[in-house]
>>> print(open('run27.txt').read())   # compact mmCIF, C-alpha atoms
# COMPACT_ATOMS: atom_id res chain seq x y z
CA MET S 1 -0.18 13.41 46.45
CA ALA S 2 -0.55 15.44 43.25
CA THR S 3 2.82 16.46 41.91
CA LYS S 4 3.84 18.60 38.98
CA SER S 5 3.92 15.63 36.68
CA SER S 6 0.47 14.32 37.63
CA SER S 7 -1.99 14.09 34.82
CA TRP S 8 -4.91 16.47 34.76
CA ALA S 9 -7.28 13.65 35.62
CA THR S 10 -5.39 12.85 38.80
CA LYS S 11 -5.30 16.49 39.73
CA ALA S 12 -8.99 16.91 39.05
CA SER S 13 -9.85 13.94 41.21
CA TRP S 14 -7.65 15.28 44.01
CA LEU S 15 -9.49 18.58 43.72
CA LEU S 16 -12.76 16.69 43.96
CA PHE S 17 -11.62 14.83 47.09
CA LYS S 18 -10.37 18.00 48.69
CA ASP S 19 -13.69 19.72 48.04
CA LEU S 20 -15.65 16.76 49.32
CA LYS S 21 -13.56 16.60 52.47
CA SER S 22 -13.96 20.30 53.22
CA GLU S 23 -17.63 20.07 52.37
CA PHE S 24 -18.23 17.25 54.79
CA ARG S 25 -16.36 19.17 57.42
CA THR S 26 -18.62 22.21 57.26
CA ARG S 27 -21.62 20.90 55.29
CA TYR S 28 -22.72 24.38 54.15
CA ALA S 29 -23.78 23.44 50.67
CA LEU S 30 -25.13 20.06 51.71
CA ASN S 31 -27.31 21.56 54.40
CA ALA S 32 -28.61 24.27 52.12
CA ILE S 33 -29.38 21.87 49.35
CA PHE S 34 -31.02 19.25 51.56
CA MET S 35 -33.13 21.59 53.61
CA PHE S 36 -34.33 23.42 50.55
CA GLY S 37 -35.13 20.19 48.76
CA LEU S 38 -36.95 18.78 51.76
CA THR S 39 -38.93 21.97 52.31
CA THR S 40 -39.99 22.25 48.70
CA LEU S 41 -40.86 18.57 48.58
CA THR S 42 -42.95 18.89 51.74
CA VAL S 43 -44.88 21.83 50.38
CA VAL S 44 -45.46 20.07 47.07
CA SER S 45 -46.56 16.86 48.70
CA PHE S 46 -48.85 18.69 51.13
CA SER S 47 -50.64 20.58 48.43
CA VAL S 48 -50.67 18.28 45.43
CA GLY S 49 -49.80 14.90 46.94
CA GLY S 50 -53.33 13.58 47.01
CA ILE S 51 -54.23 14.48 43.45
CA SER S 52 -50.98 13.46 41.90
CA SER S 53 -52.33 11.31 39.13
CA ASN S 54 -51.56 13.89 36.48
CA THR S 55 -48.12 12.97 35.15
CA HIS S 56 -47.63 16.39 33.56
CA ILE S 57 -47.89 18.04 36.94
CA THR S 58 -45.84 15.55 38.91
CA SER S 59 -42.97 15.55 36.44
CA SER S 60 -42.88 19.36 36.48
CA LEU S 61 -42.94 19.45 40.28
CA PHE S 62 -40.18 16.89 40.41
CA TRP S 63 -37.86 18.99 38.31
CA LEU S 64 -38.93 22.11 40.18
CA VAL S 65 -37.77 20.61 43.45
CA ILE S 66 -34.44 19.57 41.95
CA PHE S 67 -33.92 22.87 40.17
CA PHE S 68 -34.55 25.08 43.16
CA SER S 69 -32.53 22.91 45.49
CA SER S 70 -29.59 23.10 43.13
CA MET S 71 -29.99 26.87 42.89
CA SER S 72 -29.56 27.12 46.62
CA GLY S 73 -26.48 24.96 46.86
CA LEU S 74 -24.52 24.57 43.66
CA ALA S 75 -23.00 28.02 43.62
CA GLN S 76 -21.07 27.18 46.79
CA VAL S 77 -18.36 25.44 44.84
CA PHE S 78 -16.76 28.72 43.72
CA VAL S 79 -18.23 31.13 46.23
CA LYS S 80 -16.59 29.19 49.04
CA GLU S 81 -13.22 29.61 47.36
CA GLU S 82 -13.71 33.33 46.98
CA GLU S 83 -14.87 33.80 50.54
CA SER S 84 -12.10 31.80 52.15
CA ARG S 85 -9.60 33.51 49.83
CA THR S 86 -8.14 30.28 48.55
CA VAL S 87 -8.77 31.26 44.93
CA ASN S 88 -5.22 32.37 44.26
CA VAL S 89 -3.70 29.24 45.69
CA LEU S 90 -6.00 27.22 43.49
CA LYS S 91 -5.01 29.29 40.47
CA LEU S 92 -1.38 28.53 41.18
CA SER S 93 -1.75 24.83 41.75
CA ALA S 94 -3.91 23.76 38.83
CA SER S 95 -4.67 24.72 35.25
CA PRO S 96 -8.13 26.14 34.46
CA GLY S 97 -9.22 22.94 32.74
CA THR S 98 -8.35 20.88 35.77
CA VAL S 99 -10.18 23.25 38.09
CA LEU S 100 -13.26 23.12 35.89
CA ALA S 101 -13.19 19.33 35.80
CA GLY S 102 -12.79 19.03 39.56
CA LYS S 103 -15.52 21.54 40.36
CA LEU S 104 -17.88 20.04 37.82
CA LEU S 105 -17.44 16.60 39.35
CA PHE S 106 -18.04 18.08 42.79
CA ASN S 107 -21.29 19.67 41.67
CA LEU S 108 -22.33 16.42 40.06
CA VAL S 109 -21.60 14.46 43.23
CA LEU S 110 -23.52 17.01 45.30
CA LEU S 111 -26.48 16.78 42.95
CA LEU S 112 -26.42 12.97 43.00
CA ILE S 113 -26.31 12.90 46.81
CA LEU S 114 -29.33 15.19 46.83
CA GLU S 115 -31.19 12.99 44.39
CA VAL S 116 -30.44 9.78 46.25
CA VAL S 117 -32.36 11.23 49.18
CA ILE S 118 -35.01 13.32 47.44
CA VAL S 119 -36.07 10.93 44.69
CA PRO S 120 -37.21 8.03 46.92
CA LEU S 121 -38.97 10.53 49.19
CA PHE S 122 -40.67 12.05 46.19
CA ILE S 123 -41.84 8.68 44.98
CA ILE S 124 -43.16 7.75 48.41
CA TRP S 125 -44.82 11.04 49.30
CA MET S 126 -46.39 11.63 45.93
CA ASN S 127 -47.54 8.02 45.51
CA LEU S 128 -45.77 7.78 42.22
CA SER S 129 -45.80 4.70 40.11
CA ILE S 130 -42.92 4.85 37.70
CA LEU S 131 -43.85 2.60 34.85
CA ASN S 132 -40.59 2.82 32.94
CA ILE S 133 -37.84 2.92 35.54
CA TRP S 134 -34.89 2.80 33.12
CA LEU S 135 -36.09 5.80 31.18
CA PHE S 136 -36.70 7.64 34.44
CA LEU S 137 -33.19 6.93 35.66
CA SER S 138 -31.49 7.82 32.38
CA VAL S 139 -33.37 11.10 32.11
CA LEU S 140 -32.50 11.88 35.72
CA LEU S 141 -28.83 11.04 35.28
CA LEU S 142 -28.36 12.94 32.05
CA GLY S 143 -30.37 15.84 33.39
CA SER S 144 -28.17 16.01 36.49
CA LEU S 145 -25.05 15.90 34.33
CA GLY S 146 -26.36 18.73 32.19
CA MET S 147 -27.32 20.72 35.24
CA ALA S 148 -23.88 20.25 36.76
CA CYS S 149 -22.20 21.39 33.53
CA ALA S 150 -24.31 24.51 33.16
CA THR S 151 -24.25 25.53 36.82
CA THR S 152 -20.49 25.17 37.25
CA ILE S 153 -19.62 27.81 34.68
CA THR S 154 -22.39 30.08 35.95
CA ALA S 155 -21.15 29.63 39.52
CA ALA S 156 -17.70 30.67 38.35
CA ILE S 157 -19.19 33.80 36.77
CA ILE S 158 -21.17 34.90 39.80
CA SER S 159 -18.44 34.13 42.29
CA LYS S 160 -16.65 37.19 40.95
CA SER S 161 -19.64 39.48 41.41
CA HIS S 162 -21.15 41.16 44.43
CA VAL S 163 -24.63 39.81 44.80
CA LYS S 164 -23.89 36.07 44.37
CA GLY S 165 -26.94 34.26 45.71
CA ALA S 166 -29.84 35.81 43.85
CA LEU S 167 -27.75 36.37 40.75
CA PHE S 168 -27.02 32.66 40.46
CA ALA S 169 -30.67 31.71 39.96
CA VAL S 170 -31.24 34.65 37.60
CA LEU S 171 -28.29 33.69 35.40
CA SER S 172 -28.85 29.95 35.48
CA PHE S 173 -32.52 29.88 34.64
CA PRO S 174 -32.41 30.89 30.94
CA ILE S 175 -29.49 28.56 30.36
CA LEU S 176 -31.10 25.62 32.15
CA LEU S 177 -34.51 26.10 30.59
CA PRO S 178 -33.97 23.78 27.60
CA LEU S 179 -32.73 21.12 29.99
CA LEU S 180 -35.75 21.54 32.24
CA ILE S 181 -38.20 21.37 29.36
CA VAL S 182 -36.68 18.20 27.95
CA GLY S 183 -36.20 16.68 31.40
CA ILE S 184 -39.81 17.31 32.36
CA ASP S 185 -41.00 15.80 29.11
CA GLY S 186 -38.77 12.74 29.50
CA THR S 187 -39.81 12.19 33.12
CA ARG S 188 -43.44 12.47 32.15
CA LYS S 189 -42.97 9.81 29.50
CA SER S 190 -41.30 7.50 32.00
CA LEU S 191 -44.12 8.01 34.51
CA GLU S 192 -46.66 7.19 31.86
CA GLY S 193 -44.81 4.01 30.98
CA GLN S 194 -43.95 4.84 27.41
CA ASP S 195 -41.27 2.81 25.67
CA PHE S 196 -37.61 3.58 25.87
CA SER S 197 -37.72 4.30 22.15
CA ALA S 198 -40.34 6.98 22.73
CA GLY S 199 -37.93 8.65 25.11
CA PHE S 200 -35.06 8.53 22.62
CA ALA S 201 -35.75 12.03 21.35
CA ASP S 202 -35.49 13.42 24.86
CA LEU S 203 -32.37 11.42 25.67
CA ARG S 204 -30.70 12.57 22.48
CA LEU S 205 -31.51 16.16 23.30
CA LEU S 206 -30.19 15.75 26.82
CA ILE S 207 -26.94 14.25 25.57
CA SER S 208 -26.50 17.05 23.06
CA TYR S 209 -27.22 19.60 25.78
CA VAL S 210 -24.55 18.05 27.98
CA VAL S 211 -22.03 18.06 25.14
CA VAL S 212 -22.78 21.66 24.15
CA MET S 213 -22.59 22.93 27.72
CA LEU S 214 -19.41 21.00 28.37
CA VAL S 215 -17.71 22.40 25.29
CA ALA S 216 -18.94 25.91 26.06
CA SER S 217 -17.67 25.65 29.65
CA ILE S 218 -14.27 24.37 28.56
CA LEU S 219 -13.90 27.16 26.02
CA LEU S 220 -15.16 29.95 28.23
CA PHE S 221 -13.85 28.97 31.66
CA ASP S 222 -10.37 30.35 30.99
CA PHE S 223 -11.78 33.84 30.54
CA VAL S 224 -13.71 33.70 33.76
CA TRP S 225 -11.01 32.08 35.85
CA ASN S 226 -8.17 34.32 34.81
CA GLU S 227 -10.01 37.46 35.65
CA MET V 1 -29.12 64.68 9.47
CA LEU V 2 -30.06 63.31 6.08
CA TRP V 3 -29.97 59.80 7.51
CA LYS V 4 -32.38 60.78 10.27
CA ILE V 5 -34.85 62.56 8.02
CA SER V 6 -34.94 59.84 5.41
CA LEU V 7 -35.47 57.27 8.18
CA LEU V 8 -38.39 59.31 9.44
CA ILE V 9 -39.90 59.51 5.97
CA TRP V 10 -39.36 55.81 5.39
CA MET V 11 -41.01 54.78 8.67
CA ALA V 12 -43.93 57.13 8.02
CA MET V 13 -44.39 55.56 4.62
CA VAL V 14 -44.14 52.09 6.11
CA ILE V 15 -46.86 52.84 8.65
CA ILE V 16 -49.13 54.27 5.97
CA ALA V 17 -48.37 51.41 3.61
CA VAL V 18 -49.13 48.79 6.26
CA PHE V 19 -52.58 50.23 6.74
CA LEU V 20 -53.39 50.93 3.11
CA LEU V 21 -51.49 48.58 0.88
CA PRO V 22 -52.28 44.95 1.71
CA PRO V 23 -55.92 43.82 1.85
CA PRO V 24 -57.24 42.78 5.29
CA GLN V 25 -56.62 39.12 6.03
CA ALA V 26 -59.53 36.76 5.55
CA GLN V 27 -60.42 35.73 9.10
CA LEU V 28 -58.87 38.36 11.31
CA GLY V 29 -59.46 41.51 9.37
CA ASP V 30 -57.51 44.65 10.04
CA VAL V 31 -56.08 43.37 13.30
CA SER V 32 -53.73 41.11 11.38
CA ARG V 33 -51.76 44.18 10.36
CA VAL V 34 -49.93 44.00 13.67
CA PHE V 35 -48.03 41.17 11.97
CA PHE V 36 -46.19 43.76 9.89
CA PHE V 37 -44.81 45.33 13.04
CA HIS V 38 -44.49 42.32 15.28
CA VAL V 39 -42.33 40.14 13.04
CA PRO V 40 -39.77 42.85 12.13
CA MET V 41 -39.41 43.73 15.82
CA ALA V 42 -38.80 40.10 16.74
CA TRP V 43 -36.31 39.88 13.90
CA VAL V 44 -34.44 42.96 15.15
CA ALA V 45 -34.40 41.52 18.68
CA VAL V 46 -32.64 38.40 17.42
CA LEU V 47 -30.32 40.50 15.26
CA ALA V 48 -29.38 42.54 18.34
CA PHE V 49 -28.66 39.35 20.22
CA LEU V 50 -26.41 38.17 17.41
CA LEU V 51 -24.64 41.51 17.40
CA SER V 52 -24.02 41.43 21.12
CA LEU V 53 -22.61 37.92 20.71
CA ILE V 54 -20.21 39.11 18.01
CA TYR V 55 -19.06 42.07 20.08
CA SER V 56 -18.65 39.84 23.13
CA LEU V 57 -16.45 37.48 21.16
CA LEU V 58 -14.45 40.43 19.85
CA TYR V 59 -14.02 41.75 23.36
CA LEU V 60 -12.71 38.45 24.67
CA ARG V 61 -10.28 38.35 21.82
CA LYS V 62 -8.99 41.90 21.77
CA LYS V 63 -9.81 43.14 25.30
CA ASP V 64 -10.85 46.52 23.92
CA LEU V 65 -13.51 48.08 26.16
CA ASP V 66 -15.03 49.73 23.11
CA TYR V 67 -16.36 46.33 22.05
CA ASP V 68 -17.87 45.84 25.47
CA ALA V 69 -19.69 49.17 25.16
CA LYS V 70 -21.03 48.08 21.79
CA ALA V 71 -22.14 44.73 23.19
CA ARG V 72 -23.95 46.54 25.97
CA THR V 73 -25.63 48.92 23.53
CA ALA V 74 -26.72 46.05 21.31
CA SER V 75 -28.16 44.26 24.34
CA ARG V 76 -30.03 47.34 25.52
CA LEU V 77 -31.64 47.81 22.15
CA GLY V 78 -32.27 44.10 21.95
CA LEU V 79 -34.09 44.25 25.28
CA LEU V 80 -36.23 47.13 24.06
CA PHE V 81 -37.17 45.38 20.85
CA THR V 82 -37.81 42.11 22.65
CA ILE V 83 -40.23 43.83 25.02
CA LEU V 84 -41.98 45.45 22.05
CA ALA V 85 -42.12 42.15 20.18
CA THR V 86 -43.53 40.38 23.22
CA ILE V 87 -46.23 42.99 23.77
CA SER V 88 -47.24 43.19 20.11
CA GLY V 89 -47.19 39.40 19.87
CA SER V 90 -49.36 39.16 22.96
CA ILE V 91 -51.91 41.53 21.46
CA PHE V 92 -51.85 39.54 18.25
CA ALA V 93 -52.34 36.33 20.21
CA LYS V 94 -55.29 37.72 22.13
CA THR V 95 -57.11 38.75 19.02
CA SER V 96 -56.36 35.73 16.89
CA TRP V 97 -56.11 32.90 19.44
CA GLY V 98 -58.20 34.26 22.26
CA SER V 99 -55.65 34.47 25.07
CA PHE V 100 -52.74 36.75 25.80
CA TRP V 101 -50.22 34.05 26.49
CA ASN V 102 -50.10 30.40 25.51
CA TRP V 103 -46.52 29.21 25.91
CA ASP V 104 -46.51 28.56 22.20
CA PRO V 105 -42.98 27.75 20.90
CA ARG V 106 -42.31 31.19 19.51
CA GLU V 107 -43.75 32.91 22.56
CA THR V 108 -41.54 30.82 24.81
CA SER V 109 -38.45 31.64 22.77
CA ILE V 110 -39.06 35.37 22.87
CA PHE V 111 -39.74 35.21 26.58
CA ILE V 112 -36.48 33.37 27.18
CA LEU V 113 -34.67 36.00 25.12
CA LEU V 114 -36.15 38.55 27.52
CA LEU V 115 -34.86 36.55 30.49
CA ILE V 116 -31.40 36.29 28.96
CA TYR V 117 -31.21 40.06 28.46
CA GLY V 118 -32.47 40.63 31.99
CA ALA V 119 -29.86 38.26 33.39
CA TYR V 120 -27.16 39.97 31.30
CA PHE V 121 -27.95 43.36 32.82
CA ALA V 122 -28.32 41.92 36.31
CA LEU V 123 -24.81 40.51 35.95
CA ARG V 124 -23.43 43.80 34.68
CA SER V 125 -24.87 45.73 37.59
CA ALA V 126 -23.41 43.27 40.08
CA VAL V 127 -19.79 43.75 39.06
CA GLU V 128 -17.93 47.00 39.53
CA MET V 129 -14.51 46.77 37.92
CA PRO V 130 -14.94 47.63 34.23
CA ASP V 131 -12.74 44.94 32.70
CA ARG V 132 -14.11 42.25 34.98
CA LYS V 133 -17.63 43.42 34.16
CA ALA V 134 -16.81 43.26 30.47
CA SER V 135 -15.27 39.79 30.61
CA LEU V 136 -17.99 38.22 32.72
CA SER V 137 -20.85 39.66 30.70
CA ALA V 138 -19.12 38.68 27.46
CA VAL V 139 -18.79 35.10 28.71
CA TYR V 140 -22.44 35.05 29.76
CA ALA V 141 -23.62 36.42 26.41
CA ILE V 142 -21.73 33.68 24.60
CA LEU V 143 -22.96 31.00 26.98
CA ALA V 144 -26.54 32.15 26.58
CA PHE V 145 -26.16 32.09 22.84
CA PHE V 146 -25.17 28.42 22.98
CA THR V 147 -28.59 27.61 24.38
CA VAL V 148 -30.50 29.39 21.62
CA PRO V 149 -30.29 26.56 19.04
CA PHE V 150 -31.84 24.31 21.66
CA LEU V 151 -34.73 26.66 22.10
CA VAL V 152 -35.22 27.06 18.38
CA PHE V 153 -35.14 23.30 17.73
CA VAL V 154 -36.08 21.78 21.08
CA ILE V 155 -39.26 23.58 21.89
CA PRO V 156 -40.97 23.08 18.53
CA ARG V 157 -40.10 19.38 18.80
CA VAL V 158 -41.53 18.93 22.26
CA TYR V 159 -44.56 21.17 22.12
CA GLN V 160 -45.63 20.82 18.54
CA SER V 161 -48.38 18.42 19.38
CA LEU V 162 -49.86 20.62 22.06
CA HIS V 163 -50.13 24.11 20.70
CA PRO V 164 -51.13 25.88 17.55
CA ASN V 165 -48.06 27.09 15.83
CA ASP V 166 -47.27 30.52 14.47
CA SER V 167 -46.31 28.89 11.22
CA VAL V 168 -49.93 28.11 10.41
CA ILE V 169 -50.69 31.75 10.10
CA ASN V 170 -47.31 32.41 8.69
CA THR V 171 -47.56 29.85 5.95
CA ARG V 172 -51.00 31.08 5.08
CA LEU V 173 -49.75 34.59 4.74
CA GLN V 174 -46.64 33.26 3.07
CA ILE V 175 -48.56 31.38 0.47
CA GLN V 176 -50.83 34.33 0.08
CA MET V 177 -47.98 36.77 0.27
CA SER V 178 -49.04 38.64 -2.74
CA SER V 179 -46.89 41.48 -3.89
CA SER V 180 -48.70 44.06 -1.77
CA ILE V 181 -48.18 42.11 1.44
CA LEU V 182 -44.61 41.28 0.55
CA ILE V 183 -43.78 44.89 -0.22
CA ALA V 184 -45.26 46.17 3.03
CA PHE V 185 -43.56 43.44 5.03
CA LEU V 186 -40.13 43.93 3.51
CA ALA V 187 -40.41 47.68 3.81
CA SER V 188 -41.27 47.32 7.48
CA LEU V 189 -38.36 44.91 7.97
CA VAL V 190 -35.94 47.33 6.34
CA GLY V 191 -37.39 50.21 8.33
CA PHE V 192 -37.02 48.54 11.71
CA THR V 193 -33.53 47.30 10.96
CA TRP V 194 -32.59 50.80 9.85
CA LEU V 195 -34.10 52.19 13.07
CA PHE V 196 -32.03 49.78 15.10
CA VAL V 197 -28.83 50.63 13.25
CA TRP V 198 -29.49 54.34 13.63
CA ILE V 199 -30.08 54.17 17.40
CA PHE V 200 -27.11 51.83 17.77
CA ARG V 201 -24.75 54.21 16.02
CA LEU V 202 -26.11 57.13 18.00
CA GLU V 203 -25.58 55.35 21.31
CA THR V 204 -22.09 54.26 20.32
CA LYS V 205 -21.22 57.86 19.52
CA ILE V 206 -22.64 59.03 22.83
CA ASN V 207 -20.68 56.37 24.73
CA ARG V 208 -17.48 57.38 23.01
CA LEU V 209 -18.06 61.04 23.86
CA LEU V 210 -18.84 60.17 27.47
CA ASP V 211 -15.64 58.17 27.71
CA GLU V 212 -13.65 61.07 26.30
CA LEU V 213 -15.29 63.39 28.81
CA GLU V 214 -14.23 61.17 31.66
CA GLU V 215 -10.66 61.27 30.50
>>> encode(input="run27.txt", output="C-alpha cells")
Amino acid sequence: MATKSSSWATKASWLLFKDLKSEFRTRYALNAIFMFGLTTLTVVSFSVGGISSNTHITSSLFWLVIFFSSMSGLAQVFVKEEESRTVNVLKLSASPGTVLAGKLLFNLVLLLILEVVIVPLFIIWMNLSILNIWLFLSVLLLGSLGMACATTITAAIISKSHVKGALFAVLSFPILLPLLIVGIDGTRKSLEGQDFSAGFADLRLLISYVVVMLVASILLFDFVWNE
Amino acid sequence: MLWKISLLIWMAMVIIAVFLLPPPQAQLGDVSRVFFFHVPMAWVAVLAFLLSLIYSLLYLRKKDLDYDAKARTASRLGLLFTILATISGSIFAKTSWGSFWNWDPRETSIFILLLIYGAYFALRSAVEMPDRKASLSAVYAILAFFTVPFLVFVIPRVYQSLHPNDSVINTRLQIQMSSSILIAFLASLVGFTWLFVWIFRLETKINRLLDELEE
C-alpha cells in the first residue's frame, strides 16, 4: 500500500496497477483501441494485401494503423479521470510528476498490448517478410515509447477541454509527425533487410525524440495538471 | 499615422523594386520574382511562431492574461502568413518544378506549421474559462515548438535523397545574389517584418481596448 513515505516510483507503479485494474474491469480503452486497430488492419489488408511488395507502402500503412488506433484509445487515461470525477482525489494523493509517470506507463502498456496483437496479424495478413527483425523491433519499441510520451501530455491537455475526442487527434498529429516520419523510414529499412547500422540514424532520432518529449512533458505537466 | 504611411510607401517601393530591380533569373524568367515575396512571408510565419512561444512562456510564468492575448495575436498573424507562404510557395513550385505539391522538406515543414496553428486554435475554441484556455494553449504552443527542431533537422535528413531541395535554387540565387537581388530581397524582408509588427501592435491595442470596454 502506498504511504506518505513511499518513493515516487512506488507510487507511480501503484497508479499504473490501479489504472490497469480499472481498465480491465471496464475495458473501454482496450475495446476502442483493439476494434479500431482490427478494422483499419482489415481494410488495409483487403485493399493492399495482395500487392504488398512495396516496402514504402507497407511501412506507412503499418504506422497508420498504429497511429489511428492510438488516437482512438490513448486519450482515455485522463478523460476517464475527468468523467468519473476522480481527478481531485488523484491530485491530492500524488505529485504531478508521479501522476505523469504512472499515466505514461499505462499508455505504454496499452500500446504494447495493442501491438502484441496487431503486429503478428499485420505480418500474416500482409504477407510481410521482415528481413531485419531486430531493427524492426527496436524501431517499434522506441516508436511506441515516443508515442506514449507525446500522447500522455496531449491527453492531459484535452481532458480539460470540451470536445475531447476529435481534439486529441488534431493536437497529437503535428507533434507526432516527426516520430511517424522516422518510424516509417526505420520500418521500411527493416523490411528491406538493411543493416542495423543503416538504421542507426533513425534509432538515434527516435531516442532523441523520446528524450525531448519526456523532458517537455515533465516540465509542462505541472501547468496542465494544476489548472 | 506616420508609421502607417511610411509602411505603405515602403511596401509600394518594395513591390516596384522586385519587378524592376533584379534581372530575371536564368531559367525561370520573371516568375522567379515570387521568391522575393515567398521567402519573407515564410520568415515572418516562423517569427510569429517564435513570438507566440515567448508570450506563452511569459504567460506561464507571470499568469498575466495580456501575454495570452499577445500569444493569440501572434498565432493569428502567423497562421495568415503561413497560409500566404504556402500558397505562394505552391505557385512557385508549380512553375519551377512542375507540380503544386511535392512533400519537399521545406513544404512539409510549412505545412506542419499550418497544422500546429490550426490545432492551437482548435484547442482555444474548445475551452471556455479564460485562464484555463490561456494555460492549456500556452502549454501546447511550447510543446509544439519542441518538435520544430526535429522537423528542421529530421526531414532534410530522411528525404534528402528523394526530392529536389529548395537550397539548390537558393544557393544559386545566393551565389548569384548580386547587389540588386540582395537589395530587393532585404527590402522585402524588412517590409514584411514591418507589416507584421504593425498589424501585431494594432491588434494588441484593439484587444486592450476591448478588454477595457468589457470592464
>>> interface_residues(input="run27.txt", of="chain S", to="chain V", cutoff="10 Å", atoms="all atoms listed in the file", output="ChimeraX atom specification")
/S:150,153-154,156-158,160-164,166-179,181-182,185-186,201-202,205,208-209,212-213,215-217,219-227
>>> write_last_selection(input="run27.txt", atoms="C-alpha atoms", output="compact mmCIF listing (two decimals), in the frame of the given file")
# COMPACT_ATOMS: atom_id res chain seq x y z
CA ALA S 150 -24.31 24.51 33.16
CA ILE S 153 -19.62 27.81 34.68
CA THR S 154 -22.39 30.08 35.95
CA ALA S 156 -17.70 30.67 38.35
CA ILE S 157 -19.19 33.80 36.77
CA ILE S 158 -21.17 34.90 39.80
CA LYS S 160 -16.65 37.19 40.95
CA SER S 161 -19.64 39.48 41.41
CA HIS S 162 -21.15 41.16 44.43
CA VAL S 163 -24.63 39.81 44.80
CA LYS S 164 -23.89 36.07 44.37
CA ALA S 166 -29.84 35.81 43.85
CA LEU S 167 -27.75 36.37 40.75
CA PHE S 168 -27.02 32.66 40.46
CA ALA S 169 -30.67 31.71 39.96
CA VAL S 170 -31.24 34.65 37.60
CA LEU S 171 -28.29 33.69 35.40
CA SER S 172 -28.85 29.95 35.48
CA PHE S 173 -32.52 29.88 34.64
CA PRO S 174 -32.41 30.89 30.94
CA ILE S 175 -29.49 28.56 30.36
CA LEU S 176 -31.10 25.62 32.15
CA LEU S 177 -34.51 26.10 30.59
CA PRO S 178 -33.97 23.78 27.60
CA LEU S 179 -32.73 21.12 29.99
CA ILE S 181 -38.20 21.37 29.36
CA VAL S 182 -36.68 18.20 27.95
CA ASP S 185 -41.00 15.80 29.11
CA GLY S 186 -38.77 12.74 29.50
CA ALA S 201 -35.75 12.03 21.35
CA ASP S 202 -35.49 13.42 24.86
CA LEU S 205 -31.51 16.16 23.30
CA SER S 208 -26.50 17.05 23.06
CA TYR S 209 -27.22 19.60 25.78
CA VAL S 212 -22.78 21.66 24.15
CA MET S 213 -22.59 22.93 27.72
CA VAL S 215 -17.71 22.40 25.29
CA ALA S 216 -18.94 25.91 26.06
CA SER S 217 -17.67 25.65 29.65
CA LEU S 219 -13.90 27.16 26.02
CA LEU S 220 -15.16 29.95 28.23
CA PHE S 221 -13.85 28.97 31.66
CA ASP S 222 -10.37 30.35 30.99
CA PHE S 223 -11.78 33.84 30.54
CA VAL S 224 -13.71 33.70 33.76
CA TRP S 225 -11.01 32.08 35.85
CA ASN S 226 -8.17 34.32 34.81
CA GLU S 227 -10.01 37.46 35.65
>>> closest_residue(input="run27.txt", among="S:Leu64, S:Asp19, S:Leu128, S:Phe122", to="Glu81 of chain S", atoms="all atoms listed in the file")
S:Asp19
>>> residues_around(input="run27.txt", residues="segment 175-191 of chain V", least_positions_apart="3", cutoff="12 Å", atoms="all atoms listed in the file", output="ChimeraX atom specification")
/V:4,6-26,32-45,47,167-172,194-198
>>> atom_distance(input="run27.txt", atom1="atom CA of Ala155 of chain S", atom2="atom CA of Val77 of chain S")
7.3 Å
>>> atom_distance(input="run27.txt", atom1="atom CA of Phe36 of chain S", atom2="atom CA of Asn54 of chain S")
24.2 Å
>>> atom_distance(input="run27.txt", atom1="atom CA of Ala101 of chain S", atom2="atom CA of Lys62 of chain V")
26.9 Å
>>> closest_residue(input="run27.txt", among="V:Lys63, V:Ile91, V:Val31, V:Lys70", to="Arg201 of chain V", atoms="only C-alpha atoms")
V:Lys70
>>> residues_around(input="run27.txt", residues="Ala12 of chain S", least_positions_apart="3", cutoff="6 Å", atoms="all atoms listed in the file", output="ChimeraX atom specification")
/S:8-9,15,98,101-102
>>> closest_residue(input="run27.txt", among="S:Ser45, S:Leu214, S:Met147, S:Phe136", to="Asp195 of chain S", atoms="all atoms listed in the file")
S:Phe136
>>> closest_residue(input="run27.txt", among="V:Arg208, V:Ala141, V:Leu213, V:Ile199", to="Leu58 of chain V", atoms="only C-alpha atoms")
V:Ala141
>>> residues_around(input="run27.txt", residues="Ile33 of chain S", least_positions_apart="2", cutoff="9 Å", atoms="all atoms listed in the file", output="list in words")
Tyr28, Ala29, Leu30, Asn31, Met35, Phe36, Gly37, Leu38, Phe68, Ser69, Ser70, Met71, Ser72, Gly73, Leu74, Leu110, Leu111 and Leu114 of chain S
